[in-house]
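Heads up: the structure comes next, in structure tokens.
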Amino acid sequence: MNYIDIIFLVPLLWGLYKGFSKGLIIEAASIIALGLAVWGGIKFSDFLTGYMREHFEWTTKYLPVIAFATLFLGILIGVYAIARLIERLVKAVSLGFVNKLAGGLFGMLKFGLILSVIIFVLNAIEKNIQIIPSEVKQKSLLYEPIGKIAPIIIPGLRESKLGELMKK
């Protein structure tokens, strides 16, 4: 174990702690809510902009931003509220501890994915400039396993411009 492993362990353990304290339902809902909020904001902001112009007679050039922000926050709050209701149901049937354990694992995996994307980007950059010495990477217990997560979970990474950089 070397310093790079310790650097990786800190966010992984933080993810474990946060996931355990929040539980799987809230952890999963936070990721789902973020994805849905971005998608919904992009997909429906034009419609909401038109609606706001027509019904409120607003003419500001920032109306599309206001519409996006309104949708984004509304979707986040809605998904979070649904997750809280589901969490109460889970607690009512005495599965709270299972929810916490699964949340810890999920939180750790979430931070592992973030670290993996960082490693992916570093590897692309390191085709030109060495940031982490090769010896440190080879002696690391976590660098290679964590680095494999993102390309498996997000297959499009290899086909992206960043992935093309790594092939060169």
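Every chain in the structure tokens takes a letter, A first, then B, and so on in the order presented; its residues are numbered from 1, and the ligands are numbered from 1 following the presented order.
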**Request:** Extract, using only C-alpha atoms, all DNA, RNA and protein residues at most 8 Å from segment 78-80 of chain A, discarding same-chain residues fewer than 6 positions from it, and format them as a PyMOL selection string.
**Result:** chain A and resi 26+29-30+32-33
For the selection you just gave me, I'd like the residues written to a file as an mmCIF file, in the first residue's frame, keeping N, CA and C atoms.
```cif
data_model
loop_
_atom_site.group_PDB
_atom_site.id
_atom_site.type_symbol
_atom_site.label_atom_id
_atom_site.label_comp_id
_atom_site.auth_asym_id
_atom_site.auth_seq_id
_atom_site.Cartn_x
_atom_site.Cartn_y
_atom_site.Cartn_z
ATOM 1 N N ILE A 26 -31.954 6.601 -0.336
ATOM 2 C CA ILE A 26 -31.617 8.017 -0.519
ATOM 3 C C ILE A 26 -30.389 8.159 -1.418
ATOM 4 N N ALA A 29 -31.538 7.447 -4.908
ATOM 5 C CA ALA A 29 -32.429 8.532 -5.333
ATOM 6 C C ALA A 29 -31.644 9.789 -5.682
ATOM 7 N N SER A 30 -30.544 10.033 -4.976
ATOM 8 C CA SER A 30 -29.765 11.244 -5.267
ATOM 9 C C SER A 30 -29.167 11.186 -6.667
ATOM 10 N N ILE A 32 -30.321 9.189 -9.193
ATOM 11 C CA ILE A 32 -31.455 9.172 -10.122
ATOM 12 C C ILE A 32 -32.039 10.581 -10.259
ATOM 13 N N ALA A 33 -32.192 11.271 -9.133
ATOM 14 C CA ALA A 33 -32.760 12.623 -9.151
ATOM 15 C C ALA A 33 -31.893 13.569 -9.963
#
```
Give one line per residue of segment 57-150 of chain A that approaches segment 42-45 of chain A to at most 9 Å, naming the two atoms of the closest pair and their distance in Å to one decimal, counting only C-alpha atoms; sort by chain then ascending residue number and deliver it as CSV.
```
residue,atom,partner,partner_atom,distance
A:Pro64,CA,A:Ser45,CA,6.4
A:Val65,CA,A:Ser45,CA,8.2
A:Ile66,CA,A:Ser45,CA,8.7
A:Ala67,CA,A:Ser45,CA,5.3
A:Phe68,CA,A:Ser45,CA,5.0
A:Ala69,CA,A:Ser45,CA,8.6
A:Thr70,CA,A:Ser45,CA,8.7
A:Leu71,CA,A:Ser45,CA,7.1
A:Phe72,CA,A:Ile42,CA,8.8
```
**Close residues, segment 104-115 of chain A itself excluded, 12 Å, only C-alpha atoms, min 5 positions apart in chain, as a PyMOL selection string** = chain A and resi 4-5+7-31+97-99+120-122+142-154
Write a file of the selected residues as a CSV table (one decimal), in the first residue's frame, keeping C-alpha atoms.
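And here's again.csv as it stands now:
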```
chain,number,residue,atom,x,y,z
A,4,ILE,CA,-2.0,6.7,-3.8
A,5,ASP,CA,-4.0,4.0,-2.1
A,7,ILE,CA,-5.6,9.1,-1.3
A,8,PHE,CA,-8.1,6.6,-2.8
A,9,LEU,CA,-9.2,5.2,0.5
A,10,VAL,CA,-10.3,8.6,1.9
A,11,PRO,CA,-13.1,9.2,-0.6
A,12,LEU,CA,-14.1,5.5,-0.6
A,13,LEU,CA,-14.4,5.4,3.2
A,14,TRP,CA,-16.3,8.7,3.1
A,15,GLY,CA,-18.7,7.2,0.5
A,16,LEU,CA,-19.1,4.2,2.7
A,17,TYR,CA,-19.9,6.4,5.7
A,18,LYS,CA,-22.3,8.7,3.8
A,19,GLY,CA,-24.0,5.8,2.1
A,20,PHE,CA,-24.4,4.0,5.4
A,21,SER,CA,-25.8,7.1,7.1
A,22,LYS,CA,-28.2,7.9,4.3
A,23,GLY,CA,-29.2,4.4,3.2
A,24,LEU,CA,-29.5,2.9,-0.2
A,25,ILE,CA,-32.8,4.4,-1.0
A,26,ILE,CA,-31.6,8.0,-0.5
A,27,GLU,CA,-28.2,7.3,-2.1
A,28,ALA,CA,-29.8,5.8,-5.2
A,29,ALA,CA,-32.4,8.5,-5.3
A,30,SER,CA,-29.8,11.2,-5.3
A,31,ILE,CA,-28.1,9.9,-8.4
A,97,PHE,CA,-30.4,-1.9,8.7
A,98,VAL,CA,-30.4,-3.7,5.3
A,99,ASN,CA,-31.0,-0.3,3.7
A,120,PHE,CA,-9.4,7.5,-16.8
A,121,VAL,CA,-8.8,11.2,-17.4
A,122,LEU,CA,-5.3,11.0,-15.8
A,142,LEU,CA,-6.3,0.1,-5.7
A,143,TYR,CA,-5.2,2.1,-8.8
A,144,GLU,CA,-5.7,-0.7,-11.4
A,145,PRO,CA,-9.0,-2.2,-9.9
A,146,ILE,CA,-10.6,1.2,-9.4
A,147,GLY,CA,-9.4,2.3,-12.9
A,148,LYS,CA,-11.4,-0.5,-14.5
A,149,ILE,CA,-14.7,0.5,-13.0
A,150,ALA,CA,-15.6,3.5,-15.2
A,151,PRO,CA,-14.9,1.8,-18.6
A,152,ILE,CA,-17.1,-1.1,-17.6
A,153,ILE,CA,-20.0,0.9,-16.2
A,154,ILE,CA,-19.8,3.7,-18.8
```
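One distance worth recording is that between atom CA of Leu76 of chain A and atom CA of Gly35 of chain A, which is 9.2 Å.
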**Item:** Atom-to-atom span, atom CA of Asp46 of chain A and atom CA of Lys61 of chain A, Å
**Value:** 12.9 Å
